[in-house]
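Below is target29.tsv, holding TSV, C-alpha atoms and all ligand atoms.
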```
chain	number	residue	atom	x	y	z
A	1	MET	CA	-41.65	13.75	16.27
A	2	SER	CA	-40.54	17.01	17.94
A	3	GLU	CA	-39.96	20.02	15.75
A	4	SER	CA	-36.24	20.09	16.46
A	5	LEU	CA	-35.83	16.43	15.42
A	6	THR	CA	-37.75	17.07	12.20
A	7	GLN	CA	-35.53	20.03	11.49
A	8	GLN	CA	-32.41	18.03	12.21
A	9	SER	CA	-33.38	15.35	9.74
A	10	ILE	CA	-33.96	17.97	7.05
A	11	VAL	CA	-30.80	19.99	7.67
A	12	ARG	CA	-27.91	18.51	5.71
A	13	GLN	CA	-24.84	17.61	7.68
A	14	PRO	CA	-21.62	19.19	6.44
A	15	LEU	CA	-19.06	16.77	5.02
A	16	ILE	CA	-16.35	18.84	6.65
A	17	GLN	CA	-16.67	21.24	9.55
A	18	LEU	CA	-14.05	23.37	11.26
A	19	ILE	CA	-15.16	24.97	14.49
A	20	ASP	CA	-13.03	27.78	15.98
A	21	VAL	CA	-9.83	26.18	14.68
A	22	LYS	CA	-6.59	27.78	15.79
A	23	LYS	CA	-3.08	26.82	14.81
A	24	THR	CA	0.21	28.08	16.19
A	25	TYR	CA	3.73	27.63	14.85
A	26	GLY	CA	6.78	27.79	17.13
A	27	SER	CA	6.61	28.18	20.89
A	28	GLY	CA	7.37	30.64	23.66
A	29	SER	CA	8.41	34.08	22.45
A	30	THR	CA	8.46	32.91	18.82
A	31	GLU	CA	4.96	31.44	18.95
A	32	PHE	CA	2.91	32.60	15.98
A	33	LEU	CA	-0.83	32.26	15.60
A	34	ALA	CA	-1.31	31.34	11.94
A	35	LEU	CA	-5.04	30.51	12.24
A	36	LYS	CA	-7.00	32.67	14.64
A	37	GLY	CA	-10.32	30.85	14.88
A	38	ILE	CA	-11.64	29.39	11.64
A	39	ASP	CA	-15.27	28.35	11.27
A	40	LEU	CA	-15.96	26.62	7.98
A	41	SER	CA	-18.56	24.12	6.80
A	42	ILE	CA	-18.17	22.35	3.48
A	43	TYR	CA	-20.99	20.27	2.04
A	44	ALA	CA	-20.64	17.21	-0.18
A	45	GLY	CA	-20.46	18.16	-3.84
A	46	GLU	CA	-19.26	21.72	-3.32
A	47	PHE	CA	-16.48	23.34	-5.36
A	48	VAL	CA	-14.87	25.91	-3.09
A	49	ALA	CA	-12.01	28.28	-3.94
A	50	ILE	CA	-9.87	29.63	-1.12
A	51	MET	CA	-8.20	32.96	-1.77
A	52	GLY	CA	-6.30	35.53	0.26
A	53	PRO	CA	-2.91	37.21	0.60
A	54	SER	CA	0.32	35.30	1.06
A	55	GLY	CA	0.75	34.25	4.69
A	56	SER	CA	-2.98	34.48	5.48
A	57	GLY	CA	-3.17	30.82	6.52
A	58	LYS	CA	-4.62	29.12	3.42
A	59	SER	CA	-2.08	26.27	3.26
A	60	THR	CA	-2.16	25.89	7.04
A	61	ALA	CA	-5.94	25.39	6.84
A	62	MET	CA	-5.62	23.00	3.86
A	63	ASN	CA	-3.06	20.90	5.73
A	64	ILE	CA	-5.43	20.61	8.66
A	65	LEU	CA	-8.37	19.76	6.39
A	66	GLY	CA	-6.22	17.14	4.68
A	67	CYS	CA	-5.15	15.58	8.00
A	68	LEU	CA	-1.52	16.43	7.26
A	69	ASP	CA	-1.45	18.59	10.39
A	70	SER	CA	-3.59	19.01	13.53
A	71	PRO	CA	-5.08	22.17	14.99
A	72	LYS	CA	-3.95	23.43	18.37
A	73	TYR	CA	-7.47	24.41	19.41
A	74	GLY	CA	-10.92	23.83	18.02
A	75	GLN	CA	-12.70	20.98	16.35
A	76	TYR	CA	-12.54	19.27	12.96
A	77	LEU	CA	-15.49	17.09	12.07
A	78	PHE	CA	-15.46	14.81	9.02
A	79	LYS	CA	-18.88	13.30	8.27
A	80	GLY	CA	-19.78	14.27	11.81
A	81	ALA	CA	-16.87	12.37	13.39
A	82	HIS	CA	-14.36	14.23	15.54
A	83	VAL	CA	-11.05	13.98	13.71
A	84	GLU	CA	-9.11	15.20	16.77
A	85	ASP	CA	-10.23	12.06	18.64
A	86	LEU	CA	-8.94	9.63	15.99
A	87	THR	CA	-5.85	7.53	16.59
A	88	ARG	CA	-2.85	7.93	14.31
A	89	ASP	CA	-3.92	4.88	12.31
A	90	GLN	CA	-7.51	6.07	11.98
A	91	HIS	CA	-6.19	9.46	10.88
A	92	ALA	CA	-4.09	7.80	8.18
A	93	ARG	CA	-7.03	5.67	7.06
A	94	LEU	CA	-9.30	8.74	6.82
A	95	ARG	CA	-6.65	10.43	4.70
A	96	ARG	CA	-6.17	7.45	2.40
A	97	ARG	CA	-9.80	6.54	2.04
A	98	PHE	CA	-11.50	9.92	1.66
A	99	LEU	CA	-8.94	12.57	0.73
A	100	GLY	CA	-6.85	13.27	-2.36
A	101	PHE	CA	-4.18	15.98	-2.63
A	102	VAL	CA	-2.77	18.07	-5.41
A	103	PHE	CA	0.04	20.54	-4.74
A	104	GLN	CA	1.50	23.47	-6.65
A	105	GLY	CA	4.82	21.68	-7.21
A	106	PHE	CA	3.18	18.40	-8.42
A	107	ASN	CA	5.24	16.40	-5.84
A	108	LEU	CA	5.85	13.43	-8.14
A	109	LEU	CA	8.67	10.96	-7.59
A	110	ALA	CA	11.33	11.97	-10.09
A	111	ARG	CA	12.80	8.74	-11.44
A	112	THR	CA	9.48	6.97	-11.39
A	113	THR	CA	7.06	6.61	-14.29
A	114	ALA	CA	3.65	8.26	-14.42
A	115	GLN	CA	2.07	4.84	-13.99
A	116	GLU	CA	4.13	4.03	-10.88
A	117	ASN	CA	3.47	7.46	-9.37
A	118	VAL	CA	-0.27	6.93	-9.74
A	119	GLU	CA	-0.07	3.39	-8.35
A	120	LEU	CA	1.63	4.56	-5.16
A	121	PRO	CA	-1.50	5.28	-3.04
A	122	LEU	CA	-2.82	1.85	-4.04
A	123	LEU	CA	0.45	0.24	-3.00
A	124	TYR	CA	0.12	1.87	0.44
A	125	ARG	CA	-3.42	0.56	0.58
A	126	GLY	CA	-2.21	-2.97	-0.12
A	127	ASP	CA	-3.83	-3.55	-3.52
A	128	ASN	CA	-2.22	-6.28	-5.64
A	129	ALA	CA	-0.19	-5.47	-8.77
A	130	GLU	CA	-2.94	-6.32	-11.23
A	131	LYS	CA	-5.51	-4.14	-9.49
A	132	ARG	CA	-2.99	-1.28	-9.15
A	133	GLN	CA	-2.05	-1.38	-12.78
A	134	ALA	CA	-5.63	-1.41	-14.04
A	135	ALA	CA	-6.74	1.44	-11.74
A	136	ALA	CA	-3.70	3.60	-12.50
A	137	SER	CA	-4.09	3.16	-16.26
A	138	LYS	CA	-7.74	4.17	-16.04
A	139	ALA	CA	-6.95	7.20	-13.88
A	140	LEU	CA	-4.24	8.32	-16.31
A	141	ALA	CA	-6.62	7.87	-19.25
A	142	SER	CA	-9.22	9.93	-17.41
A	143	VAL	CA	-6.85	12.91	-17.20
A	144	GLY	CA	-6.00	12.63	-20.89
A	145	LEU	CA	-2.69	10.81	-20.46
A	146	ALA	CA	-3.35	7.44	-22.08
A	147	GLY	CA	-0.10	6.47	-23.81
A	148	TRP	CA	2.10	8.46	-21.39
A	149	GLU	CA	2.19	5.80	-18.65
A	150	HIS	CA	5.87	5.02	-19.02
A	151	HIS	CA	7.20	8.57	-19.06
A	152	THR	CA	9.00	9.98	-16.02
A	153	PRO	CA	8.15	13.50	-14.77
A	154	ALA	CA	11.23	14.94	-16.54
A	155	GLU	CA	9.76	13.74	-19.83
A	156	LEU	CA	6.42	15.47	-19.22
A	157	SER	CA	5.35	19.14	-19.43
A	158	GLY	CA	4.19	21.00	-16.31
A	159	GLY	CA	0.55	20.59	-17.31
A	160	GLN	CA	1.06	16.87	-17.89
A	161	GLN	CA	2.85	16.47	-14.55
A	162	GLN	CA	-0.09	18.13	-12.79
A	163	ARG	CA	-2.43	15.72	-14.61
A	164	VAL	CA	-0.38	12.80	-13.28
A	165	ALA	CA	-0.67	14.33	-9.79
A	166	ILE	CA	-4.46	14.62	-10.23
A	167	ALA	CA	-4.64	11.01	-11.46
A	168	ARG	CA	-2.69	9.97	-8.35
A	169	ALA	CA	-5.14	11.95	-6.18
A	170	ILE	CA	-8.29	10.42	-7.71
A	171	VAL	CA	-7.08	6.84	-8.17
A	172	THR	CA	-8.36	5.98	-4.67
A	173	GLU	CA	-11.78	7.49	-5.49
A	174	PRO	CA	-11.69	10.12	-2.74
A	175	ALA	CA	-14.71	12.07	-1.50
A	176	VAL	CA	-12.67	15.28	-1.35
A	177	LEU	CA	-9.93	16.65	-3.57
A	178	LEU	CA	-7.74	19.24	-1.86
A	179	ALA	CA	-5.67	21.30	-4.27
A	180	ASP	CA	-3.22	23.93	-2.98
A	181	GLU	CA	-2.46	26.30	-5.87
A	182	PRO	CA	-2.75	23.52	-8.48
A	183	THR	CA	-2.18	25.99	-11.32
A	184	GLY	CA	0.48	28.06	-9.56
A	185	ASN	CA	3.30	26.69	-11.73
A	186	LEU	CA	1.38	26.61	-15.02
A	187	ASP	CA	0.78	29.06	-17.86
A	188	THR	CA	-2.70	30.45	-18.43
A	189	GLN	CA	-3.79	27.94	-21.09
A	190	ARG	CA	-2.58	24.94	-19.06
A	191	SER	CA	-4.27	26.42	-15.97
A	192	HIS	CA	-7.65	26.59	-17.71
A	193	GLU	CA	-7.25	22.98	-18.85
A	194	ILE	CA	-6.53	21.86	-15.29
A	195	MET	CA	-9.58	23.83	-14.11
A	196	ALA	CA	-11.71	22.07	-16.74
A	197	LEU	CA	-10.53	18.78	-15.31
A	198	LEU	CA	-11.39	19.82	-11.74
A	199	VAL	CA	-14.82	21.06	-12.85
A	200	ALA	CA	-15.47	17.71	-14.56
A	201	LEU	CA	-14.43	15.75	-11.47
A	202	ASN	CA	-16.73	17.89	-9.33
A	203	ARG	CA	-19.71	18.15	-11.67
A	204	ASP	CA	-19.75	14.71	-13.23
A	205	HIS	CA	-18.45	12.63	-10.35
A	206	GLY	CA	-19.52	14.52	-7.28
A	207	ILE	CA	-16.02	14.90	-5.87
A	208	THR	CA	-15.98	17.79	-3.42
A	209	VAL	CA	-13.21	20.15	-4.50
A	210	LEU	CA	-11.35	22.60	-2.27
A	211	MET	CA	-8.82	24.65	-4.14
A	212	VAL	CA	-6.45	27.41	-3.04
A	213	THR	CA	-5.62	29.93	-5.74
A	214	HIS	CA	-4.21	33.44	-6.07
A	215	GLU	CA	-5.87	33.90	-9.45
A	216	LEU	CA	-9.39	35.33	-9.70
A	217	ASP	CA	-9.82	33.74	-13.16
A	218	MET	CA	-9.31	30.30	-11.62
A	219	ALA	CA	-11.41	30.95	-8.49
A	220	ALA	CA	-14.23	32.00	-10.84
A	221	TYR	CA	-14.80	28.31	-11.74
A	222	ALA	CA	-15.81	27.58	-8.12
A	223	HIS	CA	-19.35	27.86	-6.75
A	224	ARG	CA	-18.16	29.45	-3.54
A	225	ILE	CA	-15.18	31.68	-2.73
A	226	VAL	CA	-13.76	31.85	0.79
A	227	THR	CA	-11.22	34.60	1.48
A	228	PHE	CA	-8.63	34.35	4.22
A	229	VAL	CA	-7.03	37.47	5.70
A	230	ASP	CA	-4.54	37.38	8.55
A	231	GLY	CA	-5.48	33.90	9.84
A	232	LYS	CA	-9.23	34.47	9.68
A	233	ILE	CA	-12.03	34.07	7.17
A	234	ALA	CA	-12.79	37.59	5.98
A	235	LYS	CA	-15.35	36.66	3.30
A	236	ASP	CA	-17.37	33.59	2.37
A	237	GLU	CA	-19.48	34.15	-0.72
A	238	MET	CA	-21.42	32.07	-3.22
A	239	ASN	CA	-20.43	32.53	-6.86
A	240	GLU	CA	-23.80	32.55	-8.62
A	241	HIS	CA	-22.27	32.40	-12.11
A	242	PRO	CA	-19.24	30.12	-12.06
A	243	THR	CA	-17.12	30.07	-15.23
A	244	MET	CA	-18.01	27.17	-17.50
A	245	PRO	CA	-14.99	25.46	-19.02
A	246	SER	CA	-14.69	25.91	-22.77
A	247	SER	CA	-15.31	22.77	-24.80
A	248	ALA	CA	-11.72	22.94	-26.05
A	249	ASP	CA	-10.38	22.87	-22.48
A	250	LEU	CA	-12.80	20.08	-21.57
A	251	ASN	CA	-11.72	18.07	-24.59
A	252	MET	CA	-8.10	18.51	-23.59
A	253	SER	CA	-9.08	16.97	-20.30
A	254	ASP	CA	-10.57	14.03	-22.15
A	255	THR	CA	-12.63	13.39	-19.08
A	256	ASN	CA	-14.71	10.43	-19.95
A	257	LEU	CA	-14.44	9.36	-16.36
A	258	THR	CA	-17.46	7.12	-16.27
A	259	GLU	CA	-15.34	4.01	-16.42
A	260	VAL	CA	-12.90	5.29	-13.85
A	261	ILE	CA	-14.98	6.39	-10.94
B	301	LIG	N1	6.09	25.33	9.35
B	301	LIG	C1	5.94	26.61	9.72
B	301	LIG	N2	6.66	27.13	10.75
B	301	LIG	C2	6.48	28.41	11.13
B	301	LIG	N3	5.64	29.27	10.57
B	301	LIG	C3	4.91	28.82	9.55
B	301	LIG	C4	5.02	27.47	9.06
B	301	LIG	N4	4.17	27.31	8.03
B	301	LIG	C5	3.56	28.51	7.87
B	301	LIG	N5	3.99	29.40	8.77
B	301	LIG	C6	3.52	30.79	8.91
B	301	LIG	O1	2.12	30.78	9.06
B	301	LIG	C7	1.51	31.82	8.29
B	301	LIG	C8	0.51	31.22	7.33
B	301	LIG	O2	1.23	30.45	6.37
B	301	LIG	P1	0.51	29.68	5.18
B	301	LIG	O3	1.55	28.87	4.50
B	301	LIG	O4	-0.69	28.98	5.69
B	301	LIG	O5	0.05	30.91	4.26
B	301	LIG	P2	-0.63	30.90	2.83
B	301	LIG	O6	-1.88	31.70	2.95
B	301	LIG	O7	-0.73	29.53	2.30
B	301	LIG	O8	0.42	31.75	1.96
B	301	LIG	P3	0.88	31.59	0.42
B	301	LIG	O9	-0.21	32.25	-0.38
B	301	LIG	O10	2.16	32.36	0.36
B	301	LIG	O11	1.05	30.13	0.12
B	301	LIG	C9	2.66	32.56	7.62
B	301	LIG	O12	2.95	33.72	8.37
B	301	LIG	C10	3.81	31.60	7.67
B	301	LIG	O13	5.04	32.27	7.78
B	302	MG	MG	0.14	28.51	0.71
```
Take the structure in the file and give it back as structure tokens.
Ligand SMILES: Nc1ncnc2c1ncn2[C@@H]1O[C@H](COP(=O)(O)OP(=O)(O)OP(=O)(O)O)[C@@H](O)[C@H]1O
Ligand SMILES: [Mg+2]
Amino acid sequence: MSESLTQQSIVRQPLIQLIDVKKTYGSGSTEFLALKGIDLSIYAGEFVAIMGPSGSGKSTAMNILGCLDSPKYGQYLFKGAHVEDLTRDQHARLRRRFLGFVFQGFNLLARTTAQENVELPLLYRGDNAEKRQAAASKALASVGLAGWEHHTPAELSGGQQQRVAIARAIVTEPAVLLADEPTGNLDTQRSHEIMALLVALNRDHGITVLMVTHELDMAAYAHRIVTFVDGKIAKDEMNEHPTMPSSADLNMSDTNLTEVI
């Protein structure tokens, strides 16, 4: 075997790779370059925090990574496959099968119970009622919300609503969890509890986590911190000593996920 082939088989392939990705908003004289050439490789099992000033392109990059938006230039590879070459249907399938999302504003359906919110991705996937119900109940239990299935978002605290959103994101057993400021609307204690949950999903279940945050305390849980400035990656550093969740925060998360995932 040639040396280059041997090397190739040893070198791990990134799960996600952005190569010189550029994104513009608007057109003509109002055209704005929000991403100015992003190169980023994420490996399976990583927990990456994305930081940077407001307007630096973090959400724009997350939306591209999550297949909610497409780049104008550059390449996006998922498991080595060119995402830009996928059809609309293939794009949707990639999103449903491999990616889970959590947003700052929870994005739950208002007059819909926690259980029904979590079942939604399974409904889109075509699972039958029995399968949906069982999977959603397990996912809710895994985020510490057993017994809260029939509450609507208005009857839940912010921290609980974000747990429902996380249950909805993991109910399809995604490879990657994309979280855009998941603790942005929560107080400090609730934020640490949500971080404990994300750490458990990453550490115990190998879900790759990509999380945007403005808070250094929250980014400190990640193993790698990528900093965006003005549409570019200004820093990409390993965090040798990530924060370990306290046992109290982990217990709050009640993450005995073994049965779930
Ligand atoms: N739909 C849009 N149309 C036009 N411009 C947009 C749109 N979305 C974002 N932008 C612009 O692109 C730039 C990057 O926005 P983005 O939302 O990615 O920033 P961000 O880093 O997530 O900021 P924040 O920390 O405030 O969430 C900003 O200048 C923003 O005004
Ligand atoms: Mg943003």
Need the axis-aligned box for ligand LIG 301 (chain B) with 3 Å each side, so what are the centre and edges in Å to one decimal, as JSON?
```
{"center_x": 2.4, "center_y": 29.5, "center_z": 5.4, "size_x": 14.5, "size_y": 14.4, "size_z": 17.5}
```
inquiry  = Neighbouring residues of ligand LIG 301 (chain B) are defined here as those with any atom at most 7 Å from a ligand atom, counting only C-alpha atoms and all ligand atoms; list them as a PyMOL selection string.
reply    = chain A and resi 25-26+32+34+52-61
inquiry  = If I take CA of His223 (chain A) and CA of His241 (chain A), how far is one from the other in Å, to one decimal?
reply    =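 These two atoms are separated by 7.6 Å.
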Sel. within 10 Å of pt (-9.9, 34.1, 2.9), counting only C-alpha atoms, output as a PyMOL selection string = chain A and resi 49-53+56-58+212+225-236
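You can rank A:Asp249, A:Asp20, A:Glu181, A:Glu119 by their closest distance to ligand MG 302 (chain B) using only C-alpha atoms and all ligand atoms, and at the top of that list sits A:Glu181.
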